[in-house]
Structure formats: C-alpha cells, structure tokens
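Colleague: This is model34.txt, which holds compact mmCIF, C-alpha atoms:
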# COMPACT_ATOMS: atom_id res chain seq x y z
CA MET L 1 -34.01 8.45 7.44
CA PRO L 2 -36.25 6.77 4.82
CA ALA L 3 -35.14 3.29 3.82
CA ASP L 4 -34.28 4.40 0.28
CA ALA L 5 -32.42 7.57 1.32
CA PRO L 6 -28.65 7.49 0.86
CA ASP L 7 -26.59 7.26 4.04
CA LEU L 8 -24.65 10.53 3.93
CA ARG L 9 -22.17 9.15 6.48
CA TYR L 10 -20.93 6.55 3.96
CA PRO L 11 -21.10 8.01 0.44
CA VAL L 12 -18.82 5.25 -0.92
CA GLY L 13 -20.28 2.57 1.35
CA ARG L 14 -18.94 1.17 4.60
CA PHE L 15 -15.43 -0.25 4.70
CA SER L 16 -15.39 -3.89 3.78
CA TYR L 17 -12.37 -6.15 3.53
CA THR L 18 -12.17 -9.73 2.47
CA ALA L 19 -8.82 -11.33 3.18
CA THR L 20 -8.36 -12.98 -0.17
CA ALA L 21 -5.16 -13.94 -1.91
CA PRO L 22 -3.21 -10.72 -2.39
CA ASP L 23 -3.78 -9.28 -5.82
CA PRO L 24 -0.96 -7.00 -7.02
CA ALA L 25 -3.33 -5.01 -9.25
CA ARG L 26 -5.78 -4.45 -6.39
CA ARG L 27 -2.95 -3.43 -4.10
CA ALA L 28 -1.59 -1.02 -6.75
CA GLY L 29 -5.07 0.52 -7.07
CA PHE L 30 -5.23 1.10 -3.33
CA ILE L 31 -1.80 2.75 -3.42
CA ASP L 32 -2.97 4.95 -6.30
CA ASP L 33 -6.00 6.03 -4.24
CA ILE L 34 -3.65 7.15 -1.48
CA ALA L 35 -1.18 8.76 -3.89
CA GLN L 36 -3.87 10.78 -5.67
CA LEU L 37 -5.76 11.99 -2.62
CA PRO L 38 -3.87 15.27 -2.05
CA GLN L 39 -4.53 16.45 -5.61
CA ARG L 40 -8.15 15.27 -5.53
CA LEU L 41 -8.82 16.88 -2.15
CA ARG L 42 -7.25 20.16 -3.24
CA LYS L 43 -9.45 20.16 -6.35
CA ALA L 44 -12.57 19.39 -4.28
CA VAL L 45 -12.09 22.44 -2.03
CA GLN L 46 -10.71 24.82 -4.65
CA GLY L 47 -12.59 28.08 -4.61
CA LEU L 48 -14.75 27.28 -1.58
CA ASP L 49 -15.31 30.32 0.63
CA ASP L 50 -15.46 30.20 4.43
CA ALA L 51 -19.24 29.74 4.45
CA ARG L 52 -18.94 26.61 2.32
CA LEU L 53 -15.89 25.34 4.22
CA ASP L 54 -17.88 25.69 7.43
CA THR L 55 -20.87 23.74 6.05
CA PRO L 56 -21.37 20.27 7.56
CA TYR L 57 -21.30 17.52 4.95
CA ARG L 58 -24.41 16.08 6.65
CA PRO L 59 -26.67 17.12 9.54
CA GLY L 60 -24.67 16.63 12.72
CA GLY L 61 -21.50 15.90 10.77
CA TRP L 62 -18.17 17.62 10.48
CA THR L 63 -17.75 20.69 8.33
CA VAL L 64 -15.78 20.54 5.10
CA ARG L 65 -12.96 22.33 6.95
CA GLN L 66 -12.94 19.70 9.72
CA VAL L 67 -12.91 16.88 7.16
CA VAL L 68 -9.92 18.43 5.38
CA HIS L 69 -8.00 18.81 8.66
CA HIS L 70 -8.99 15.30 9.79
CA VAL L 71 -7.46 13.59 6.77
CA PRO L 72 -3.80 14.50 7.49
CA ASP L 73 -4.37 13.87 11.21
CA SER L 74 -5.59 10.38 10.41
CA HIS L 75 -3.08 9.66 7.67
CA MET L 76 -0.12 10.79 9.81
CA ASN L 77 -1.20 8.21 12.34
CA ALA L 78 -1.57 5.60 9.58
CA TYR L 79 1.88 6.34 8.15
CA VAL L 80 3.47 5.93 11.58
CA ARG L 81 1.52 2.71 12.10
CA PHE L 82 2.86 1.30 8.82
CA LYS L 83 6.41 2.16 9.83
CA LEU L 84 5.94 0.61 13.26
CA ALA L 85 4.56 -2.59 11.74
CA LEU L 86 7.45 -2.74 9.27
CA THR L 87 10.09 -2.34 11.99
CA GLU L 88 8.55 -4.11 15.01
CA ASP L 89 6.79 -7.42 15.56
CA THR L 90 3.04 -6.81 15.80
CA PRO L 91 3.28 -3.49 17.65
CA ARG L 92 0.27 -2.46 19.72
CA ILE L 93 -0.70 0.94 18.40
CA LYS L 94 -2.40 3.74 20.27
CA PRO L 95 -5.75 4.96 18.98
CA TYR L 96 -6.74 8.60 19.23
CA ASP L 97 -10.09 10.35 19.66
CA GLU L 98 -10.61 11.73 16.17
CA ALA L 99 -13.86 13.47 17.13
CA LYS L 100 -12.10 15.43 19.88
CA TRP L 101 -9.21 16.24 17.54
CA ALA L 102 -11.71 17.64 15.01
CA GLU L 103 -13.13 19.95 17.68
CA LEU L 104 -9.76 21.52 18.53
CA ARG L 105 -9.39 25.07 17.27
CA ASP L 106 -7.01 24.22 14.40
CA GLY L 107 -9.52 21.68 13.05
CA ARG L 108 -12.58 23.90 13.48
CA THR L 109 -11.24 27.22 12.23
CA GLY L 110 -7.77 26.83 10.75
CA PRO L 111 -6.88 27.65 7.16
CA LEU L 112 -6.66 24.66 4.81
CA ALA L 113 -3.25 25.43 3.30
CA PRO L 114 -1.16 23.91 6.13
CA SER L 115 -3.18 20.69 6.16
CA LEU L 116 -3.02 20.40 2.37
CA ALA L 117 0.75 20.97 2.50
CA ILE L 118 1.12 18.29 5.17
CA LEU L 119 -0.95 15.94 3.04
CA ASP L 120 1.25 16.58 -0.02
CA GLY L 121 4.49 15.72 1.77
CA LEU L 122 3.02 12.92 3.82
CA HIS L 123 1.42 11.18 0.85
CA ASP L 124 4.59 11.58 -1.22
CA ARG L 125 6.57 9.76 1.47
CA TRP L 126 3.84 7.23 2.22
CA THR L 127 3.50 6.36 -1.46
CA VAL L 128 7.26 5.81 -1.78
CA LEU L 129 7.09 3.51 1.23
CA LEU L 130 4.03 1.62 -0.03
CA ARG L 131 5.49 1.12 -3.51
CA SER L 132 8.72 -0.23 -1.99
CA MET L 133 6.95 -2.87 0.11
CA THR L 134 7.14 -6.54 -0.80
CA PRO L 135 4.22 -8.98 -0.61
CA THR L 136 5.76 -10.28 2.62
CA ASP L 137 5.81 -6.73 4.02
CA PHE L 138 2.06 -6.45 3.44
CA GLU L 139 1.58 -9.58 5.57
CA ARG L 140 3.16 -7.87 8.59
CA THR L 141 0.77 -7.01 11.39
CA LEU L 142 -0.06 -4.50 14.07
CA GLU L 143 -2.46 -4.74 16.96
CA HIS L 144 -5.21 -2.18 17.34
CA PRO L 145 -6.73 -2.20 20.86
CA GLU L 146 -10.28 -2.07 19.43
CA ASN L 147 -9.90 -3.87 16.06
CA GLY L 148 -7.43 -6.58 17.00
CA VAL L 149 -4.53 -7.77 14.85
CA MET L 150 -4.54 -6.31 11.35
CA THR L 151 -2.27 -6.95 8.37
CA LEU L 152 -0.76 -4.08 6.44
CA ASP L 153 -2.76 -5.37 3.44
CA ARG L 154 -5.93 -4.65 5.40
CA MET L 155 -4.56 -1.30 6.56
CA LEU L 156 -3.78 -0.38 2.94
CA ALA L 157 -7.35 -1.21 1.89
CA LEU L 158 -8.72 0.72 4.89
CA TYR L 159 -6.80 3.92 4.13
CA ALA L 160 -7.55 3.75 0.40
CA TRP L 161 -11.23 3.54 1.41
CA HIS L 162 -10.71 6.32 3.98
CA SER L 163 -9.27 8.53 1.24
CA ARG L 164 -12.27 7.94 -1.07
CA HIS L 165 -14.72 8.18 1.87
CA HIS L 166 -13.76 11.65 3.04
CA LEU L 167 -13.23 12.99 -0.47
CA ALA L 168 -16.79 11.88 -1.27
CA HIS L 169 -18.11 13.66 1.84
CA ILE L 170 -16.95 16.90 0.20
CA THR L 171 -17.72 16.14 -3.44
CA GLU L 172 -21.18 14.76 -2.67
CA LEU L 173 -22.01 17.81 -0.53
CA ALA L 174 -20.88 20.07 -3.37
CA ARG L 175 -23.00 18.08 -5.84
CA ARG L 176 -26.09 18.21 -3.58
CA GLU L 177 -25.65 21.95 -2.98
CA GLY L 178 -24.87 22.79 -6.60
CA TRP L 179 -21.47 24.25 -5.81
Represent the supplied structure as structure tokens.

Modeller:
Amino acid sequence: MPADAPDLRYPVGRFSYTATAPDPARRAGFIDDIAQLPQRLRKAVQGLDDARLDTPYRPGGWTVRQVVHHVPDSHMNAYVRFKLALTEDTPRIKPYDEAKWAELRDGRTGPLAPSLAILDGLHDRWTVLLRSMTPTDFERTLEHPENGVMTLDRMLALYAWHSRHHLAHITELARREGW
C-alpha cells in the first residue's frame, strides 16, 4: 500500500484511548454513538442487493453482510461484559474468535433482518444501562486475558469507536463504489 493511501482497515483511525479525567460530555457522546448505531447501520445497508452485501469492504476483508452480522455478535459480548463488571469485582472475561464467528454460515450468508433486530433491542437496553451508570460505575473494571484490566470508561470509548469503525467500513465502501 502506498504511504499516502488510506488504510481501509481503519477508516476512522485506530482506537486510541487516553485515560484522562472523565468528561461527562465526552461520555455522553460515546453513549450517543452506541445509541444511534442501529439506525445508522440500517440506513447504510438500505437498498443493498445481495451482490453488494457480499462485497468485501476491502481486499481480503469481510463482506458488508459479515460486518453487519459481526456488530451484534460483538456488542452482545460487550453488553454482557458491562453487566459482569457492574455486578462482580474485576471479572475475567472470555474472548471469542470473531474471525471464526464471521465465517459461520449465519454470518456469511444470513439475511440482515435478524441481526438488525437484535441490534435494535440490544442497543435500546445497553443505552438504558449506560445512561443509568454513575461516574463511579464507569470506574469499575474487568480483566481481558489479552488486554489486561480495563475500566468501563475505556470499554465505553472502545465500543463507541467500534460502532463508528464498522459503520465506516460500509459507508466508505459505498462512497468508493458510487452506491
């Protein structure tokens, strides 16, 4: 890839988190990113036929369909992780092989409607939970076997980024292809 070529893997940039003093406005913006994702994702794939849904967002990358199915898979895990961290002391969470999940038949060929419906309900509940959390709640932690101990503030920032990241995979592909 030429030095000045955009990195199609990270259309919104790589995740970056600086543990600064919690900023309620920043936190509210992250929650809004999560709350708005189902509507934004639905709009991004509206009217796409199977050929477009089965187009990789980059060479060697997942198809649009796989990206759409990945998001609720990932966010279900995130929601459970938040609840574990809110109800247990620094629980050690179990990672999953997202690449293998994306290759399962439901992720490769399944219709989008079930995943979009899951995302609607999941994000409704997750947003209620996030908006009910106190600053002290966001300081609670979980332990990821690969990433170490993480605060829920960091997790919030990560999944807001994750929402924008995968949405941009689809919207940037559509822009490049003139869809």

Colleague: Find the nearest atom pair between each residue of segment 73-120 of chain L and segment 31-41 of chain L for residues within 7 Å, count only C-alpha atoms, give distances in Å to one decimal, sort rows by chain and ascending number, and present the table as a tab-separated table.

Modeller:
residue	atom	partner	partner_atom	distance
L:Leu116	CA	L:Pro38	CA	6.8
L:Leu119	CA	L:Pro38	CA	5.9
L:Asp120	CA	L:Pro38	CA	5.7

Colleague: Could you tell me how far atom CA of Thr63 of chain L sits from atom CA of Thr109 of chain L, in Å to one decimal place?

Modeller: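 Atom-to-atom, atom CA of Thr109 of chain L and atom CA of Thr63 of chain L are spaced 10.0 Å apart.
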
Colleague: Between L:Leu173, L:Ala102, L:Arg164, L:Thr90, which one has atoms that come closest to Gly148 of chain L, using all atoms listed in the file?

Modeller: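 Between L:Leu173, L:Ala102, L:Arg164, L:Thr90, the residue approaching Gly148 of chain L most closely is L:Thr90.
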
Colleague: Taking 2 positions as the minimum chain separation for residues in the same chain, which residues sit within 10 Å of Arg9 of chain L when counting only C-alpha atoms? Answer as an mmCIF file with C-alpha atoms, in the coordinates of the input.

Modeller:
data_model
loop_
_atom_site.group_PDB
_atom_site.id
_atom_site.type_symbol
_atom_site.label_atom_id
_atom_site.label_comp_id
_atom_site.auth_asym_id
_atom_site.auth_seq_id
_atom_site.Cartn_x
_atom_site.Cartn_y
_atom_site.Cartn_z
ATOM 1 C CA PRO L 6 -28.650 7.490 0.860
ATOM 2 C CA ASP L 7 -26.590 7.260 4.040
ATOM 3 C CA PRO L 11 -21.100 8.010 0.440
ATOM 4 C CA VAL L 12 -18.820 5.250 -0.920
ATOM 5 C CA GLY L 13 -20.280 2.570 1.350
ATOM 6 C CA ARG L 14 -18.940 1.170 4.600
ATOM 7 C CA TYR L 57 -21.300 17.520 4.950
ATOM 8 C CA ARG L 58 -24.410 16.080 6.650
ATOM 9 C CA PRO L 59 -26.670 17.120 9.540
ATOM 10 C CA GLY L 61 -21.500 15.900 10.770
ATOM 11 C CA HIS L 165 -14.720 8.180 1.870
ATOM 12 C CA HIS L 166 -13.760 11.650 3.040
ATOM 13 C CA ALA L 168 -16.790 11.880 -1.270
ATOM 14 C CA HIS L 169 -18.110 13.660 1.840
#

Colleague: Check the smallest atom-to-atom distance from each of L:Leu104, L:Leu129, L:Val71, L:Met150 to His162 of chain L using all atoms listed in the file, then report the winner.

Modeller: L:Val71
